[in-house]
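input.txt follows (compact mmCIF, C-alpha atoms):
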```txt
# COMPACT_ATOMS: atom_id res chain seq x y z
CA MET A 94 125.33 148.30 151.49
CA ARG A 95 126.61 144.89 150.53
CA GLY A 96 125.29 145.04 146.96
CA ARG A 97 125.88 147.53 144.16
CA PRO A 98 123.84 150.71 144.84
CA ILE A 99 125.14 152.72 141.86
CA LEU A 100 124.26 149.89 139.48
CA GLY A 101 120.91 149.59 141.26
CA VAL A 102 120.04 153.28 140.89
CA ILE A 103 121.06 153.51 137.22
CA SER A 104 119.58 150.17 136.15
CA GLY A 105 116.47 150.69 138.27
CA PHE A 106 115.82 154.13 136.75
CA LEU A 107 116.28 152.81 133.20
CA PHE A 108 114.17 149.73 134.01
CA GLY A 109 111.30 151.97 135.16
CA LEU A 110 111.70 154.29 132.18
CA PHE A 111 111.66 151.43 129.67
CA ALA A 112 108.77 149.75 131.51
CA ALA A 113 106.74 152.97 131.25
CA SER A 114 107.70 153.33 127.59
CA THR A 115 106.69 149.71 126.91
CA ALA A 116 103.37 150.11 128.72
CA PHE A 117 102.61 153.25 126.68
CA SER A 118 103.78 151.68 123.41
CA PHE A 119 101.46 148.70 123.85
CA GLY A 120 98.54 150.94 124.82
CA ALA A 121 98.43 149.92 128.49
CA ILE A 122 98.75 153.46 129.89
CA PRO A 123 98.10 156.94 128.44
CA LEU A 124 101.04 159.30 127.90
CA ALA A 125 99.57 161.65 130.53
CA SER A 126 99.56 158.95 133.22
CA PRO A 127 101.69 159.74 136.30
CA LEU A 128 103.06 156.20 135.97
CA VAL A 129 105.37 157.67 133.28
CA TRP A 130 107.46 159.22 136.09
CA VAL A 131 106.34 157.03 139.01
CA LEU A 132 107.74 153.83 137.44
CA PRO A 133 111.33 155.19 137.12
CA LEU A 134 111.18 156.27 140.79
CA LEU A 135 109.93 152.82 141.79
CA GLY A 136 112.76 151.35 139.69
CA ILE A 137 115.32 153.39 141.65
CA ALA A 138 113.72 152.23 144.92
CA LEU A 139 113.84 148.61 143.74
CA GLY A 140 117.52 148.99 142.76
CA LEU A 141 118.38 150.41 146.19
CA VAL A 142 116.42 147.68 147.98
CA MET A 143 118.24 145.02 145.97
CA ALA A 144 121.61 146.64 146.73
CA ALA A 145 120.81 146.82 150.47
CA TRP A 146 119.41 143.30 150.61
CA ALA A 147 122.04 141.72 148.32
CA PRO A 148 120.38 138.30 148.29
CA PHE A 149 122.53 136.86 145.48
CA GLY A 150 126.08 135.52 145.26
CA ARG A 151 126.87 135.04 148.93
CA ALA A 152 128.84 131.90 149.64
CA GLY A 153 127.71 131.91 153.27
CA ASP A 154 126.34 134.14 156.00
CA GLU A 155 128.45 135.97 158.58
CA ASP A 156 128.26 132.98 160.91
CA GLY A 157 129.48 130.69 158.16
CA SER A 158 126.21 128.86 157.64
CA SER A 159 124.98 128.04 154.14
CA PRO A 160 122.40 130.36 152.58
CA SER A 161 118.83 129.01 152.73
CA MET B 64 115.03 134.61 160.34
CA ARG B 65 116.81 137.78 159.26
CA HIS B 66 115.69 137.21 155.68
CA ASP B 67 112.06 136.77 156.80
CA ARG B 68 112.24 140.07 158.66
CA ILE B 69 113.69 141.80 155.58
CA ARG B 70 111.01 140.26 153.35
CA ARG B 71 108.24 141.48 155.70
CA ARG B 72 109.71 145.00 155.75
CA LEU B 73 110.08 144.95 151.95
CA ARG B 74 106.45 143.92 151.44
CA ALA B 75 105.24 146.59 153.88
CA SER B 76 107.30 149.33 152.22
CA LEU B 77 106.11 148.43 148.69
CA LEU B 78 102.38 148.23 149.56
CA PRO B 79 101.72 152.02 149.39
CA PHE B 80 103.46 152.17 145.98
CA ALA B 81 101.29 149.31 144.68
CA ALA B 82 98.11 151.00 145.94
CA ALA B 83 99.16 154.33 144.40
CA GLY B 84 99.92 152.62 141.09
CA ALA B 85 96.45 151.05 140.95
CA LEU B 86 94.82 154.44 141.60
CA LEU B 87 96.98 156.19 139.00
CA LEU B 88 95.87 153.76 136.27
CA ALA B 89 92.41 155.39 136.31
CA VAL B 90 91.81 157.39 133.11
CA PRO B 91 89.64 160.53 133.19
CA ALA B 92 86.49 160.59 131.07
CA GLY B 93 84.49 163.50 129.61
CA ALA B 94 85.35 166.50 127.49
CA VAL B 95 86.86 169.62 128.99
CA VAL B 96 86.15 172.77 127.01
CA ASN B 97 86.02 176.26 128.46
CA GLY B 98 85.20 179.50 126.65
CA PRO B 99 82.93 180.65 123.81
CA CYS B 100 84.68 178.72 121.04
CA THR B 101 83.80 176.00 118.54
CA GLY B 102 86.13 173.86 116.51
CA ARG B 103 86.00 170.88 114.17
CA VAL B 104 88.63 168.71 112.51
CA GLU B 105 87.73 165.97 110.01
CA PHE B 106 90.18 163.13 109.25
CA SER B 107 90.15 160.94 106.14
CA ASN B 108 89.40 157.83 108.22
CA GLY B 109 86.06 159.30 109.29
CA SER B 110 87.19 160.49 112.73
CA VAL B 111 85.83 163.91 113.65
CA LEU B 112 87.15 166.03 116.49
CA THR B 113 84.81 168.61 117.99
CA ALA B 114 84.61 170.51 121.25
CA GLU B 115 82.02 167.97 122.43
CA GLN B 116 84.31 164.97 121.78
CA PRO B 117 84.66 162.87 124.95
CA LEU B 118 88.17 162.22 126.25
CA ASP B 119 87.52 158.51 126.57
CA PRO B 120 87.86 156.60 124.31
CA PRO B 121 90.64 158.43 122.45
CA THR B 122 90.05 159.49 118.85
CA LEU B 123 92.01 157.30 116.42
CA ILE B 124 93.84 159.34 113.80
CA PRO B 125 96.00 158.27 110.82
CA PRO B 126 99.78 158.85 111.09
CA LYS B 127 99.61 160.82 107.82
CA ASP B 128 96.62 162.80 106.59
CA GLU B 129 95.21 166.01 105.18
CA VAL B 130 92.47 167.27 107.47
CA ALA B 131 89.70 169.82 107.00
CA TRP B 132 89.47 172.14 109.98
CA SER B 133 87.31 175.05 111.08
CA GLY B 134 87.06 177.16 114.19
CA SER B 135 85.25 180.20 115.50
CA ILE B 136 84.82 182.30 118.61
CA GLN B 137 81.63 184.01 119.72
CA ALA B 138 82.83 187.59 119.72
CA SER B 139 83.13 190.59 117.42
CA PHE B 140 85.95 193.06 117.01
CA ASP B 141 85.86 196.50 115.41
CA GLU B 142 89.57 196.48 114.76
CA PRO B 143 92.37 193.89 114.67
CA VAL B 144 93.26 192.62 118.14
CA PRO B 145 96.18 190.39 119.18
CA TYR B 146 95.58 186.65 119.27
CA ALA B 147 97.76 183.77 120.44
CA GLY B 148 97.35 180.09 121.06
CA ALA B 149 99.16 176.80 121.47
CA VAL B 150 98.65 173.04 121.63
CA GLN B 151 100.63 170.80 124.00
CA ALA B 152 100.86 167.08 124.71
CA SER B 153 100.78 166.14 128.39
CA VAL B 154 103.59 163.81 129.54
CA GLY B 155 103.09 162.17 132.92
CA GLY B 156 100.59 164.81 133.96
CA ILE B 157 103.40 167.13 135.07
CA MET B 158 105.12 168.17 131.83
CA ASN B 159 103.84 169.55 128.52
CA LEU B 160 105.47 169.18 125.10
CA GLN B 161 104.48 172.04 122.81
CA ILE B 162 103.30 170.78 119.43
CA ALA B 163 102.14 173.98 117.76
CA ALA B 164 101.79 177.67 118.57
CA TRP B 165 100.39 180.67 116.75
CA GLN B 166 100.02 184.40 117.26
CA GLY B 167 99.21 187.56 115.34
CA LYS B 168 96.61 190.31 115.02
CA SER B 169 93.17 189.96 113.45
CA ASP B 170 89.55 191.08 113.63
CA GLU B 171 88.33 187.78 112.12
CA THR B 172 86.35 185.54 114.47
CA SER B 173 86.27 182.39 112.34
CA ALA B 174 88.65 180.53 110.08
CA SER B 175 88.79 177.27 108.15
CA GLY B 176 91.07 175.40 105.79
CA THR B 177 92.99 172.20 105.23
CA TYR B 178 96.16 171.06 106.95
CA ALA B 179 98.49 168.25 105.93
CA TYR B 180 100.57 166.50 108.59
CA GLN B 181 102.82 163.48 108.88
CA VAL B 182 103.81 162.00 112.23
CA PRO B 183 107.55 161.07 112.19
CA ALA B 184 108.33 157.34 111.80
CA PHE B 185 110.05 157.13 115.21
CA VAL B 186 106.79 157.92 117.02
CA PRO B 187 105.22 154.54 117.95
CA ARG B 188 101.81 153.61 116.53
CA GLY B 189 98.97 151.93 118.40
CA THR B 190 99.99 153.51 121.70
CA GLY B 191 97.94 154.54 124.70
CA ALA B 192 96.01 157.79 124.63
CA ILE B 193 97.83 161.08 124.12
CA LEU B 194 96.17 163.97 125.99
CA LEU B 195 96.36 167.25 124.08
CA THR B 196 95.54 170.56 125.71
CA GLY B 197 95.07 173.77 123.76
CA GLN B 198 94.36 177.43 124.36
CA HIS B 199 93.39 180.33 122.12
CA ALA B 200 93.06 183.91 123.23
CA GLN B 201 91.90 186.82 121.11
CA GLY B 202 91.32 190.19 122.72
CA ASP B 203 89.48 189.49 125.98
CA VAL B 204 88.15 186.11 124.80
CA VAL B 205 90.01 183.07 126.13
CA CYS B 206 89.22 179.45 125.22
CA ALA B 207 90.81 176.24 126.38
CA GLY B 208 90.13 172.60 125.69
CA GLN B 209 91.39 169.04 125.93
CA VAL B 210 91.18 166.03 123.64
CA THR B 211 92.73 162.58 123.62
CA LEU B 212 94.21 161.06 120.46
CA ALA B 213 95.80 157.76 119.53
CA LEU B 214 97.71 156.93 116.36
CA GLU B 215 96.31 154.15 114.18
CA GLY B 216 98.49 151.11 113.66
CA SER B 217 100.05 148.34 115.67
CA PRO B 218 103.11 148.55 117.93
CA GLY B 219 106.21 148.46 115.74
CA PRO B 220 109.95 148.02 116.35
CA VAL B 221 110.04 150.87 118.88
CA ALA B 222 107.69 148.95 121.20
CA TYR B 223 109.71 145.72 120.93
CA VAL B 224 113.03 147.52 121.48
CA SER B 225 111.45 149.12 124.53
CA ALA B 226 110.31 145.72 125.85
CA LEU B 227 113.84 144.36 125.30
CA GLY B 228 115.29 147.34 127.19
CA THR B 229 112.89 146.63 130.06
CA ALA B 230 114.15 143.04 130.31
CA VAL B 231 117.83 144.07 130.08
CA PHE B 232 117.56 146.73 132.78
CA LEU B 233 115.46 144.47 135.01
CA ALA B 234 118.40 142.06 134.88
CA GLY B 235 120.72 144.98 135.74
CA THR B 236 118.52 145.96 138.68
CA LEU B 237 118.53 142.39 139.99
CA ALA B 238 122.31 142.27 139.49
CA ALA B 239 122.58 145.15 142.00
CA GLY B 240 121.62 142.52 144.56
CA VAL B 241 124.81 140.51 144.00
CA ALA B 242 126.94 140.90 147.11
CA LYS B 243 130.34 142.53 146.64
CA GLY B 244 133.24 140.18 147.27
CA GLY B 245 131.20 137.19 148.37
CA ARG B 246 131.07 137.65 152.16
CA GLY B 247 129.83 141.02 153.42
```

Using the file provided, produce a representation of the structure as structure tokens.
Amino acid sequence: MRGRPILGVISGFLFGLFAASTAFSFGAIPLASPLVWVLPLLGIALGLVMAAWAPFGRAGDEDGSSPS
Amino acid sequence: MRHDRIRRRLRASLLPFAAAGALLLAVPAGAVVNGPCTGRVEFSNGSVLTAEQPLDPPTLIPPKDEVAWSGSIQASFDEPVPYAGAVQASVGGIMNLQIAAWQGKSDETSASGTYAYQVPAFVPRGTGAILLTGQHAQGDVVCAGQVTLALEGSPGPVAYVSALGTAVFLAGTLAAGVAKGGRG
């Protein structure tokens, strides 16, 4: 992976956890909703995808061309 | 070209999660009460909880109150028999937090009284529904039920801190996509 997978997993998990907490706090989802644990898992998946994709901060591609 | 391929794969892999999320947002409706039991709780704001109370919409209760409660089971006992019960809050549909539990021995089949409670300040107000499940068993009689509650009030500091945390960790998650050392 060219990005930062450990940062992605930790931040993604906490992002999902806080997103679920925010949705519950503002009355968008009930406490019993499976989204309470699904969102942290989706956050981890998003963090891993970002780490694998690594779309930011590259000065150029392998062939030296500028990023689009 | 490579980025287009990655984007297409990313969209395809996230579609099932999006569909599952939309399905999971559905909230059940209708009361669930099993067993020969009756119960009633009256709150000072006029809310009344009974076995016939529907799950949707949730019953709004004050964060602090003294309630009048009563309960009975359709049975009779010649001598004291063991009883036990508990109330739990469902978290995510897979975990239960126990709120109260009781046990003992009695031949009484009904009870009533008042109960004062105060929800701690750190528990957010104005939240989504909280599903409570409860059971009571006495001798051979077993009752179970469900009810949904919501605390009166508007989202306070806890909700805004939570929203801030969401933004901070979203930034952290996006930062995981910064390539190490510039070129791969």

Distance criterion (all atoms listed in the file): nearest to B:Leu194 out of B:Gly240, B:Pro99, B:Gly228, B:Gly208: B:Gly208

8 Å contact set for A:Leu107, all atoms listed in the file, chain neighbours under 3 positions out, as a list in words: Ile103, Ser104, Leu110, Phe111, Pro133 and Gly136 of chain A; Thr229 and Phe232 of chain B

Spatial neighbours of B:Glu142, 12 Å, all atoms listed in the file, chain gap at least 3 places, as number ranges by chain: B: 139, 145, 168-172, 201-202

Write out, as a tab-separated table, each residue of chain A that has an atom at most 7 Å from chain B, together with the closest pair of atoms and their distance in Å to one decimal, counting only C-alpha atoms, rows going by chain and rising number.
```
residue	atom	partner	partner_atom	distance
A:Arg95	CA	B:Ala242	CA	5.3
A:Gly96	CA	B:Ala242	CA	4.5
A:Arg97	CA	B:Ala239	CA	4.6
A:Pro98	CA	B:Ala239	CA	6.4
A:Leu100	CA	B:Ala239	CA	5.6
A:Gly101	CA	B:Ala239	CA	4.8
A:Ser104	CA	B:Thr236	CA	5.0
A:Gly105	CA	B:Thr236	CA	5.2
A:Leu107	CA	B:Phe232	CA	6.2
A:Phe108	CA	B:Phe232	CA	4.7
A:Phe111	CA	B:Thr229	CA	5.0
A:Ala112	CA	B:Thr229	CA	5.4
A:Ser114	CA	B:Ser225	CA	6.4
A:Thr115	CA	B:Ser225	CA	5.4
A:Phe117	CA	B:Gly191	CA	5.2
A:Ser118	CA	B:Thr190	CA	4.5
A:Phe119	CA	B:Thr190	CA	5.5
A:Gly120	CA	B:Gly191	CA	3.7
A:Ala121	CA	B:Gly191	CA	6.0
A:Ile122	CA	B:Gly191	CA	5.4
A:Pro123	CA	B:Ala192	CA	4.4
A:Leu124	CA	B:Ile193	CA	5.3
A:Ala125	CA	B:Gly155	CA	4.3
A:Ser126	CA	B:Gly155	CA	4.8
A:Pro127	CA	B:Gly155	CA	4.4
A:Leu128	CA	B:Gly155	CA	6.7
A:Val129	CA	B:Gly155	CA	5.1
A:Trp130	CA	B:Gly155	CA	6.2
A:Gly140	CA	B:Thr236	CA	5.2
A:Met143	CA	B:Gly240	CA	4.4
A:Ala144	CA	B:Gly240	CA	4.7
A:Trp146	CA	B:Gly240	CA	6.5
A:Ala147	CA	B:Gly240	CA	3.9
A:Pro148	CA	B:Gly240	CA	5.8
A:Phe149	CA	B:Val241	CA	4.6
A:Gly150	CA	B:Val241	CA	5.3
A:Arg151	CA	B:Gly245	CA	4.9
A:Ala152	CA	B:Gly245	CA	5.9
A:Gly153	CA	B:Arg246	CA	6.7
```

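The interatomic distance for the pair atom CA of B:Ser135 and atom CA of B:Leu214 works out to 26.4 Å.
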
Separation of atom CA of B:Gly176 from atom CA of B:Pro125 in Å: 18.5 Å

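Comparing B:Ser173, B:Thr101, B:Gln137, B:Gln116 by their smallest distance to B:Val204, the closest is B:Gln137 (using all atoms listed in the file).
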
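Our summary of the geometry notes that atom CA of B:Ala200 is positioned 26.8 Å from atom CA of B:Val182.
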
Each side padded by 6 Å, which centre and which edge lengths in Å (one decimal) define the axis-aligned box around the listed atoms of stretch 147-160 of chain B? Give them as AutoDock Vina command-line options.
```
--center_x 101.4 --center_y 173.0 --center_z 127.8 --size_x 20.1 --size_y 33.6 --size_z 26.6
```

Long-range neighbours of B:Cys206 as an MDAnalysis selection string, 12 Å cut-off, only C-alpha atoms, 2 positions minimum in chain: chainID B and resid 95:102 114 134:138 146:150 196:204 208:209
